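A quick write-up on the structure given underneath.
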Amino acid sequence: MKKRVLSFLLALLMLGGTLSAQTSMRVPHGSFEQWSSHSGYSVSLMGLSLPVYDTFSTPTGWDYLAYPVNETISLFGLNVNLNTTLPLVKVSREAGTVPDSAKAVKLHTFMLSDLVNPNIYSLAENFLDSMLTQTVFPSVLSTGAVDLEEFIPIATNLLSNMDSVEDLLASLALMDVNELVSGGIALNGFQPSRLTGGYKYQSATSGDNGAVLLLGTHYNTLTHQRDVVGGGANIALTDMANYAPFSVDYVSLHQLQSSFPEQAPDSLIVLILSSAGENMQQGSYLCVDNLVLWHDSVPPTTPDTCASLASFASLPAIHEAVLNWSATTAVGGYEMEWGLAGFAHGTGTQLTLTNNTYTLTGLAANTAYDIYVRTVCSDSIYGEWSLLQFTTLPDTCSSILGLTAMPDIHEAVISWYTTGAVARYELEYGSAGFAQGTGTLVTMANNTYALNNLGANTSYDVYVRTVCNDSIYGDWSSGQFTTLPDTCARVLDLEIHSMTYDAPPQNVLSWWSYSEPDHWEVVYGLQGTDVEQGSIATTSESHFAIYELEETGALAPNTLYYFGVRSVCENDVYGDWVFVGYLTPCAQVDSIVVWDDSVTVNSANRLEGYRVTWTDRNNTGWYVSVGHQSNPDGWNPGEYVTERVWHMPDLLPNHQYYVEIFPRCGDDNEGEMKWVYFTTTTIGIQQVNAVSLSVYPNPATGSCEVSLSSDEPAELQLFTIDGSLLQTLHSTGGSVRLELPSKGVFMLQAITPSGKVTRKIVNK
């Protein structure tokens, strides 16, 4: 769809001038107080209901654009059919300070991704027409039913005739707007003058605008079409924070060009659009309320004829059709004439009726008919004939479409859909190659059925047909499937992901399977080895804690392992192994020491010469940065180093800092960050022989050993992460056992004659 089609269509009717009007009438439901709810749409997959789009509401009496969708998409390897009429509208109630009563309507400009469930949209996007997925749509409301399939070709045809105003008017005058919009506001002889109301507008960015469009139409009794005889448009509804009045003038085509006959409209169509510029923007919205139609106070003289039909519809079946119609004013009765499509008017079957509904019976199946109906006001006064064409249904049921089987070991779920209504379905099945008529026959009301007690690893044929009544059936549709072998189901979606809370990241292996086995076996080993012969663990949960192996040292850092999982069912029946690779993180940084044994002061009174050193097992690089404790966001950018020492940039004297170190042992492999606090010296005083502090194990499980690098006496202070002191210990050298009060993250500070050092402790 071209994004500018709507704006060009509106530009056609930028008509000037007004008619004198003294009286007014409310546009039906023009205050938008009454709303109607519409159902959402879901698809069924493996017994689960997946929503495609949610329930929505629209103003009662107003119609909207819709698009038919009948696509098959792949969900988790299974074909699922989407068969719905997708609403292309996004409207809501605007409450609060509105021009009339309590509510107004709010029309949003949107993309399809705004309406459809994100999970379904991401799966279905490649199956849908790019016109739907790439277009920015305005929300469109109309006083008649808008046909999207007809709307686009007509608008495109008008674009090709924009060389002159005369060409545009000629296109409008010849256009059958019943192909575009049916219905409208019955004028009952009044001449429209203008449409007024209140609006406010918000564009996503500058350049968008909303629009209100009028189309005045008159029923042509010769062509049996509706001719455009006038209209108007206001596409200058630009940004307005508060409600402001707007007006759309109605002008006849005859006023603009005398070659068009002067015709009064008998119906008026109102269209409201959230965007109508050449640059429609997702997120723009238009609010409208209090629509009033102004018209001449005295209607024209009633012509010497009955009112034309305002509506004419049919509901065909196989051998009959229900017809109904309505007139714009009260009449005395109706005349009908009918026959096969194309019969000469006057040679068909003629009927005189008093009601506005009639059922034709004894019709041929799958046959086209023409029906003429006119109003009767007296023995000499008649309305104009209106023509309706329809085709009876074929003498058979709808065919079965999308026949799909979802097999398991001893059962299979069969599903399908149809395009028409049916009474029930028949299904016959048996071993592959059975003669139809000798299998198992079942009857059901729903379009899904579960076959049970099937043989494992066995092929079956299945036939399904529709049943409309005791004598009318659809054609058989057939398919074949094979049940799964009598073994455990393979695990699916085996993956490793990280769970991060207050503690360091915890790597977990997870999976799922169609059936529930007794338990699972997990095996792991180094790359290049026979992993199936590696270390094996069992679990009844569909996940496995890799981080526990990392904490105990069972996995070497920065090493590629392969993890395998298989299902274990009863009687020692195993599923197949499924494997996934896992590169362990870098080795953790152990002790961190800050040194100030060569501090100097530069001309800006900043300290130079501070350095930090650390130890770990086998990392080859680190990212080191320093930050000020009172300004956590003000980090020095730091740098990547390949040696276990880093000379810090200029530091303020007598300030507390902390250093962060991230080990890196590959382009995409980064270890846990560690840090340490330190306080810089006052200018002129050096601190030397900084002490180092180590904690093992860390993370801890209730307690840990604390060791200092010197034999100096030390005071150990344990703080919460927010700085509250919990306990104080004293050490005369060696190691001290530290009991941790609860799970969480703590800070441990050691104060010695040589300085202070701080370490973070995680207690699991």
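Letters for chains follow the order of the structure tokens (A, B, ...), residue numbers begin at 1 for each chain, and ligand numbers begin at 1 in the order shown.
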Q: Pick out the residues sitting within 9 Å of stretch 469-471 of chain A, and hand them over as a list in words; count only C-alpha atoms, and ignore anything fewer than 6 positions along from it in its own chain.
A: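 Using only C-alpha atoms, the neighbours found are Cys397, Val422, Ala423 and Arg424 of chain A.
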File of the preceding selection, all heavy atoms, as a compact mmCIF listing (two decimals), in the first residue's frame:
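Okay, result.txt is ready:
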# COMPACT_ATOMS: atom_id res chain seq x y z
N CYS A 397 -20.62 -29.69 0.93
CA CYS A 397 -20.04 -28.99 2.08
C CYS A 397 -18.69 -28.39 1.70
O CYS A 397 -18.10 -28.73 0.68
CB CYS A 397 -19.83 -29.96 3.25
SG CYS A 397 -21.34 -30.33 4.15
N VAL A 422 -20.33 -25.86 8.89
CA VAL A 422 -20.75 -27.24 8.69
C VAL A 422 -21.43 -27.72 9.96
O VAL A 422 -21.31 -27.11 11.03
CB VAL A 422 -19.55 -28.16 8.34
CG1 VAL A 422 -18.89 -27.71 7.06
CG2 VAL A 422 -18.54 -28.19 9.48
N ALA A 423 -22.16 -28.88 9.84
CA ALA A 423 -22.86 -29.43 11.00
C ALA A 423 -21.93 -30.27 11.86
O ALA A 423 -21.98 -30.22 13.09
CB ALA A 423 -24.06 -30.25 10.55
N ARG A 424 -21.07 -31.07 11.23
CA ARG A 424 -20.17 -31.96 11.96
C ARG A 424 -19.10 -32.47 11.00
O ARG A 424 -19.06 -32.07 9.83
CB ARG A 424 -20.94 -33.13 12.58
CG ARG A 424 -21.69 -33.99 11.59
CD ARG A 424 -22.56 -35.03 12.29
NE ARG A 424 -23.24 -35.91 11.35
CZ ARG A 424 -24.37 -35.66 10.76
NH1 ARG A 424 -24.98 -34.49 11.00
NH2 ARG A 424 -24.93 -36.52 9.91
Tell me, as a PDB file with N, CA and C atoms, in the first residue's frame, which residues lie within 8 Å of stretch 747-752 of chain A, counting only C-alpha atoms; anything in the same chain fewer than 2 positions away does not count.
ATOM      1  N   VAL A 691      49.102  -3.552  52.957  1.00  0.00           N
ATOM      2  CA  VAL A 691      48.831  -4.947  53.275  1.00  0.00           C
ATOM      3  C   VAL A 691      47.782  -5.489  52.304  1.00  0.00           C
ATOM      4  N   LEU A 693      44.730  -8.533  51.545  1.00  0.00           N
ATOM      5  CA  LEU A 693      43.734  -9.284  52.307  1.00  0.00           C
ATOM      6  C   LEU A 693      43.102 -10.313  51.367  1.00  0.00           C
ATOM      7  N   GLU A 712      51.481  -8.196  60.916  1.00  0.00           N
ATOM      8  CA  GLU A 712      51.153  -7.052  61.750  1.00  0.00           C
ATOM      9  C   GLU A 712      49.800  -7.249  62.421  1.00  0.00           C
ATOM     10  N   PRO A 713      49.585  -6.674  63.597  1.00  0.00           N
ATOM     11  CA  PRO A 713      48.242  -6.724  64.198  1.00  0.00           C
ATOM     12  C   PRO A 713      47.256  -5.949  63.305  1.00  0.00           C
ATOM     13  N   ALA A 714      46.035  -6.425  63.268  1.00  0.00           N
ATOM     14  CA  ALA A 714      45.026  -5.819  62.392  1.00  0.00           C
ATOM     15  C   ALA A 714      43.663  -5.841  63.071  1.00  0.00           C
ATOM     16  N   GLU A 715      42.891  -4.822  62.758  1.00  0.00           N
ATOM     17  CA  GLU A 715      41.495  -4.772  63.188  1.00  0.00           C
ATOM     18  C   GLU A 715      40.626  -5.037  61.959  1.00  0.00           C
ATOM     19  N   LEU A 716      39.773  -6.086  62.051  1.00  0.00           N
ATOM     20  CA  LEU A 716      38.904  -6.481  60.941  1.00  0.00           C
ATOM     21  C   LEU A 716      37.490  -5.994  61.230  1.00  0.00           C
ATOM     22  N   GLN A 717      36.938  -5.208  60.293  1.00  0.00           N
ATOM     23  CA  GLN A 717      35.588  -4.660  60.463  1.00  0.00           C
ATOM     24  C   GLN A 717      34.702  -5.167  59.316  1.00  0.00           C
ATOM     25  N   LEU A 718      33.536  -5.778  59.685  1.00  0.00           N
ATOM     26  CA  LEU A 718      32.590  -6.313  58.709  1.00  0.00           C
ATOM     27  C   LEU A 718      31.409  -5.337  58.581  1.00  0.00           C
ATOM     28  N   PHE A 719      31.153  -4.862  57.345  1.00  0.00           N
ATOM     29  CA  PHE A 719      30.095  -3.899  57.071  1.00  0.00           C
ATOM     30  C   PHE A 719      29.050  -4.520  56.139  1.00  0.00           C
ATOM     31  N   THR A 720      27.808  -4.000  56.242  1.00  0.00           N
ATOM     32  CA  THR A 720      26.818  -4.306  55.204  1.00  0.00           C
ATOM     33  C   THR A 720      27.188  -3.518  53.951  1.00  0.00           C
ATOM     34  N   ILE A 721      26.520  -3.846  52.864  1.00  0.00           N
ATOM     35  CA  ILE A 721      26.857  -3.195  51.600  1.00  0.00           C
ATOM     36  C   ILE A 721      26.539  -1.711  51.630  1.00  0.00           C
ATOM     37  N   VAL A 745      25.607  -9.736  50.510  1.00  0.00           N
ATOM     38  CA  VAL A 745      26.900  -9.174  50.123  1.00  0.00           C
ATOM     39  C   VAL A 745      27.395  -8.276  51.256  1.00  0.00           C
ATOM     40  N   SER A 754      50.243  -0.493  58.437  1.00  0.00           N
ATOM     41  CA  SER A 754      50.726  -0.183  57.085  1.00  0.00           C
ATOM     42  C   SER A 754      49.639   0.393  56.186  1.00  0.00           C
ATOM     43  N   GLY A 755      48.404   0.366  56.638  1.00  0.00           N
ATOM     44  CA  GLY A 755      47.345   0.916  55.801  1.00  0.00           C
ATOM     45  C   GLY A 755      46.058   0.113  55.923  1.00  0.00           C
ATOM     46  N   LYS A 756      45.103   0.426  55.026  1.00  0.00           N
ATOM     47  CA  LYS A 756      43.801  -0.226  55.011  1.00  0.00           C
ATOM     48  C   LYS A 756      43.619  -0.958  53.686  1.00  0.00           C
ATOM     49  N   VAL A 757      42.834  -2.044  53.744  1.00  0.00           N
ATOM     50  CA  VAL A 757      42.465  -2.754  52.532  1.00  0.00           C
ATOM     51  C   VAL A 757      41.064  -3.326  52.744  1.00  0.00           C
ATOM     52  N   THR A 758      40.262  -3.375  51.647  1.00  0.00           N
ATOM     53  CA  THR A 758      38.868  -3.798  51.737  1.00  0.00           C
ATOM     54  C   THR A 758      38.587  -4.864  50.686  1.00  0.00           C
ATOM     55  N   ARG A 759      37.796  -5.869  51.061  1.00  0.00           N
ATOM     56  CA  ARG A 759      37.367  -6.912  50.127  1.00  0.00           C
ATOM     57  C   ARG A 759      35.855  -7.106  50.225  1.00  0.00           C
ATOM     58  N   LYS A 760      35.204  -7.466  49.093  1.00  0.00           N
ATOM     59  CA  LYS A 760      33.784  -7.821  49.085  1.00  0.00           C
ATOM     60  C   LYS A 760      33.641  -9.315  49.338  1.00  0.00           C
ATOM     61  N   ILE A 761      32.617  -9.695  50.141  1.00  0.00           N
ATOM     62  CA  ILE A 761      32.344 -11.102  50.440  1.00  0.00           C
ATOM     63  C   ILE A 761      30.894 -11.383  50.059  1.00  0.00           C
TER      64      ILE A 761
END
Q: Quick one: pick out all helix (DSSP H, G or I) residues within stretch 328-570 of chain A from a backbone DSSP run and write them as a ChimeraX atom specification.
A: /A:531-533,546-552,570
Q: List the neighbours of A:Val593 out to 9 Å using only C-alpha atoms; skip same-chain residues closer than 2 positions along the sequence, and give me the result as number ranges by chain.
A: A: 591, 595, 611-614, 676, 690-693, 757
Using only all heavy atoms, please write the residues we just selected to a file, as an mmCIF file, in the first residue's frame.
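So the final result, stored in part_17.cif, reads:
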data_model
loop_
_atom_site.group_PDB
_atom_site.id
_atom_site.type_symbol
_atom_site.label_atom_id
_atom_site.label_comp_id
_atom_site.auth_asym_id
_atom_site.auth_seq_id
_atom_site.Cartn_x
_atom_site.Cartn_y
_atom_site.Cartn_z
ATOM 1 N N SER A 591 43.918 -11.899 45.324
ATOM 2 C CA SER A 591 44.257 -10.736 46.154
ATOM 3 C C SER A 591 44.548 -9.510 45.289
ATOM 4 O O SER A 591 45.139 -9.608 44.219
ATOM 5 C CB SER A 591 45.468 -11.049 47.029
ATOM 6 O OG SER A 591 46.587 -11.335 46.223
ATOM 7 N N TRP A 595 49.445 0.033 46.079
ATOM 8 C CA TRP A 595 50.764 0.480 46.556
ATOM 9 C C TRP A 595 50.889 1.993 46.379
ATOM 10 O O TRP A 595 50.492 2.528 45.358
ATOM 11 C CB TRP A 595 51.882 -0.210 45.771
ATOM 12 C CG TRP A 595 51.803 -1.709 45.824
ATOM 13 C CD1 TRP A 595 51.144 -2.522 44.981
ATOM 14 C CD2 TRP A 595 52.411 -2.544 46.806
ATOM 15 N NE1 TRP A 595 51.280 -3.838 45.338
ATOM 16 C CE2 TRP A 595 52.069 -3.885 46.471
ATOM 17 C CE3 TRP A 595 53.218 -2.313 47.932
ATOM 18 C CZ2 TRP A 595 52.504 -4.968 47.216
ATOM 19 C CZ3 TRP A 595 53.658 -3.404 48.667
ATOM 20 C CH2 TRP A 595 53.298 -4.718 48.319
ATOM 21 N N ARG A 611 49.803 2.587 42.337
ATOM 22 C CA ARG A 611 49.652 1.459 41.437
ATOM 23 C C ARG A 611 48.902 0.351 42.159
ATOM 24 O O ARG A 611 48.826 0.336 43.392
ATOM 25 C CB ARG A 611 51.007 0.939 40.954
ATOM 26 C CG ARG A 611 51.927 0.468 42.065
ATOM 27 C CD ARG A 611 53.326 0.172 41.527
ATOM 28 N NE ARG A 611 54.257 -0.120 42.609
ATOM 29 C CZ ARG A 611 54.498 -1.327 43.088
ATOM 30 N NH1 ARG A 611 53.872 -2.381 42.558
ATOM 31 N NH2 ARG A 611 55.364 -1.527 44.064
ATOM 32 N N VAL A 612 48.310 -0.549 41.380
ATOM 33 C CA VAL A 612 47.591 -1.682 41.937
ATOM 34 C C VAL A 612 48.132 -2.952 41.298
ATOM 35 O O VAL A 612 48.434 -2.989 40.102
ATOM 36 C CB VAL A 612 46.064 -1.547 41.691
ATOM 37 C CG1 VAL A 612 45.735 -1.474 40.217
ATOM 38 C CG2 VAL A 612 45.306 -2.712 42.321
ATOM 39 N N THR A 613 48.283 -3.994 42.110
ATOM 40 C CA THR A 613 48.702 -5.303 41.616
ATOM 41 C C THR A 613 47.696 -6.345 42.096
ATOM 42 O O THR A 613 46.952 -6.119 43.053
ATOM 43 C CB THR A 613 50.105 -5.667 42.108
ATOM 44 O OG1 THR A 613 50.091 -5.749 43.538
ATOM 45 C CG2 THR A 613 51.125 -4.628 41.671
ATOM 46 N N TRP A 614 47.679 -7.514 41.436
ATOM 47 C CA TRP A 614 46.726 -8.558 41.781
ATOM 48 C C TRP A 614 47.269 -9.912 41.335
ATOM 49 O O TRP A 614 48.282 -10.000 40.632
ATOM 50 C CB TRP A 614 45.373 -8.287 41.125
ATOM 51 C CG TRP A 614 45.437 -8.179 39.621
ATOM 52 C CD1 TRP A 614 45.271 -9.157 38.722
ATOM 53 C CD2 TRP A 614 45.730 -6.986 38.867
ATOM 54 N NE1 TRP A 614 45.418 -8.691 37.450
ATOM 55 C CE2 TRP A 614 45.690 -7.357 37.518
ATOM 56 C CE3 TRP A 614 46.009 -5.649 39.210
ATOM 57 C CZ2 TRP A 614 45.936 -6.442 36.490
ATOM 58 C CZ3 TRP A 614 46.237 -4.744 38.195
ATOM 59 C CH2 TRP A 614 46.208 -5.136 36.844
ATOM 60 N N VAL A 676 38.554 -3.227 45.330
ATOM 61 C CA VAL A 676 39.129 -2.981 46.647
ATOM 62 C C VAL A 676 39.096 -1.472 46.905
ATOM 63 O O VAL A 676 39.242 -0.664 45.986
ATOM 64 C CB VAL A 676 40.575 -3.525 46.732
ATOM 65 C CG1 VAL A 676 41.504 -2.793 45.788
ATOM 66 C CG2 VAL A 676 41.091 -3.438 48.159
ATOM 67 N N ALA A 690 51.701 -1.483 51.739
ATOM 68 C CA ALA A 690 50.259 -1.744 51.861
ATOM 69 C C ALA A 690 50.029 -3.230 52.052
ATOM 70 O O ALA A 690 50.672 -4.064 51.418
ATOM 71 C CB ALA A 690 49.535 -1.273 50.611
ATOM 72 N N VAL A 691 49.102 -3.552 52.957
ATOM 73 C CA VAL A 691 48.831 -4.947 53.275
ATOM 74 C C VAL A 691 47.782 -5.489 52.304
ATOM 75 O O VAL A 691 46.962 -4.743 51.793
ATOM 76 C CB VAL A 691 48.328 -5.074 54.727
ATOM 77 C CG1 VAL A 691 46.938 -4.465 54.874
ATOM 78 C CG2 VAL A 691 48.305 -6.537 55.157
ATOM 79 N N SER A 692 47.845 -6.792 51.986
ATOM 80 C CA SER A 692 46.828 -7.419 51.137
ATOM 81 C C SER A 692 45.980 -8.350 51.985
ATOM 82 O O SER A 692 46.434 -8.890 52.995
ATOM 83 C CB SER A 692 47.480 -8.195 49.977
ATOM 84 O OG SER A 692 48.239 -9.276 50.465
ATOM 85 N N LEU A 693 44.730 -8.533 51.545
ATOM 86 C CA LEU A 693 43.734 -9.284 52.307
ATOM 87 C C LEU A 693 43.102 -10.313 51.367
ATOM 88 O O LEU A 693 42.715 -9.990 50.253
ATOM 89 C CB LEU A 693 42.651 -8.323 52.821
ATOM 90 C CG LEU A 693 41.451 -8.933 53.546
ATOM 91 C CD1 LEU A 693 41.889 -9.549 54.862
ATOM 92 C CD2 LEU A 693 40.396 -7.846 53.802
ATOM 93 N N VAL A 757 42.834 -2.044 53.744
ATOM 94 C CA VAL A 757 42.465 -2.754 52.532
ATOM 95 C C VAL A 757 41.064 -3.326 52.744
ATOM 96 O O VAL A 757 40.690 -3.697 53.859
ATOM 97 C CB VAL A 757 43.485 -3.876 52.198
ATOM 98 C CG1 VAL A 757 43.505 -4.952 53.264
ATOM 99 C CG2 VAL A 757 43.148 -4.490 50.833
#
Write down as a compact mmCIF listing (two decimals) with C-alpha atoms, in the first residue's frame the residues of stretch 270-409 of chain A whose backbone DSSP state falls under strand (DSSP E).
# COMPACT_ATOMS: atom_id res chain seq x y z
CA VAL A 270 -18.43 10.74 7.09
CA LEU A 271 -14.82 9.48 7.28
CA ILE A 272 -12.44 10.36 10.17
CA LEU A 273 -8.70 9.65 9.79
CA TYR A 285 -3.46 10.65 17.31
CA LEU A 286 -6.67 12.62 16.63
CA CYS A 287 -9.48 13.15 19.17
CA VAL A 288 -12.97 14.08 17.86
CA ASP A 289 -16.27 14.78 19.62
CA ASN A 290 -19.70 16.45 19.25
CA LEU A 291 -20.28 15.98 15.50
CA VAL A 292 -23.22 18.08 14.25
CA LEU A 293 -24.52 18.21 10.67
CA TRP A 294 -26.02 21.57 9.60
CA HIS A 295 -28.55 21.67 6.76
CA LEU A 309 -34.20 1.54 -1.06
CA ALA A 310 -31.62 2.47 1.58
CA SER A 311 -30.27 -1.09 1.90
CA PHE A 312 -30.66 -4.37 0.04
CA ALA A 313 -29.00 -7.62 1.15
CA SER A 314 -29.19 -11.38 0.64
CA LEU A 315 -28.27 -14.46 2.63
CA PRO A 316 -28.03 -17.31 0.10
CA ALA A 321 -31.98 -17.21 -0.25
CA VAL A 322 -33.28 -14.82 2.41
CA LEU A 323 -33.68 -11.25 1.07
CA ASN A 324 -34.15 -8.12 3.17
CA TRP A 325 -34.14 -4.42 2.45
CA SER A 326 -35.17 -1.07 3.91
CA ALA A 327 -36.50 2.26 2.60
CA GLY A 333 -45.45 -2.03 0.04
CA TYR A 334 -42.94 -3.45 -2.42
CA GLU A 335 -42.74 -5.11 -5.83
CA MET A 336 -40.15 -7.78 -6.63
CA GLU A 337 -39.04 -9.41 -9.87
CA TRP A 338 -36.42 -12.16 -10.04
CA GLY A 339 -34.80 -14.64 -12.39
CA LEU A 340 -31.50 -16.06 -13.54
CA THR A 349 -41.11 -13.89 -11.79
CA GLN A 350 -43.05 -10.97 -10.26
CA LEU A 351 -44.29 -10.65 -6.66
CA THR A 352 -46.16 -8.04 -4.62
CA LEU A 353 -45.05 -7.86 -0.96
CA THR A 357 -38.08 -9.49 3.83
CA TYR A 358 -38.73 -12.53 1.62
CA THR A 359 -37.30 -16.05 1.24
CA LEU A 360 -36.86 -17.39 -2.28
CA ALA A 368 -26.39 -16.72 -10.01
CA TYR A 369 -29.67 -14.77 -9.77
CA ASP A 370 -30.79 -11.14 -10.35
CA ILE A 371 -33.36 -9.62 -7.97
CA TYR A 372 -35.20 -6.30 -8.58
CA VAL A 373 -37.16 -4.57 -5.78
CA ARG A 374 -38.95 -1.20 -5.74
CA THR A 375 -41.14 0.66 -3.26
CA VAL A 376 -44.89 1.21 -3.77
CA SER A 386 -32.90 -1.54 -7.10
CA LEU A 387 -30.88 -4.51 -8.35
CA LEU A 388 -29.23 -7.21 -6.21
CA GLN A 389 -27.21 -10.18 -7.48
CA PHE A 390 -26.26 -13.30 -5.53
CA THR A 391 -25.12 -16.88 -6.14
CA LEU A 401 -8.15 -27.51 4.64
CA GLY A 402 -4.86 -27.64 6.58
CA LEU A 403 -5.18 -31.29 7.69
CA THR A 404 -2.36 -31.70 10.24
CA ALA A 405 -1.23 -34.51 12.56
CA MET A 406 0.79 -34.07 15.75
CA PRO A 407 1.93 -37.63 16.67
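Between A:Ser274 and the candidates A:Ala317, A:Val624, A:Ala236, A:Val565, the tightest atom-to-atom separation, counting only C-alpha atoms, involves A:Ala236.
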**Q.** Residue among A:His319, A:Lys200, A:His218, A:His108 lying closest to A:Ala186, counting only C-alpha atoms
**A.**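 Ranking A:His319, A:Lys200, A:His218, A:His108 by distance to A:Ala186, first place goes to A:His218.
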Q: Measure the distance from atom CA of A:Glu639 to atom CA of A:Val589 in Å and round it to one decimal.
A: 16.7 Å
Q) Near A:Cys377, within 9 Å and counting only C-alpha atoms, which residues show up once chain neighbours fewer than 4 positions away are dropped, as JSON, numbers by chain? A) {"A": [305, 306, 307, 330, 331, 332, 333, 334, 381, 382, 383]}
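Taking atom CA of A:Gly575 as the reference point, atom CA of A:Thr458 is found at 18.4 Å.
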Q | Who sits within 10 Å of A:Asn654, only C-alpha atoms, same chain under 6 positions skipped, as a ChimeraX atom specification | A | /A:607,678-683
Any chance you could export the current selection's C-alpha atoms as a PDB file, in the first residue's frame?
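Saved to part.pdb:
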ATOM      1  CA  LEU A 607      49.071  12.480  43.696  1.00  0.00           C
ATOM      2  CA  PHE A 678      41.840   2.487  49.484  1.00  0.00           C
ATOM      3  CA  THR A 679      42.449   5.981  50.857  1.00  0.00           C
ATOM      4  CA  THR A 680      45.081   8.255  49.362  1.00  0.00           C
ATOM      5  CA  THR A 681      47.691   9.873  51.577  1.00  0.00           C
ATOM      6  CA  THR A 682      47.753  13.488  52.656  1.00  0.00           C
ATOM      7  CA  ILE A 683      50.168  15.565  50.559  1.00  0.00           C
TER       8      ILE A 683
END
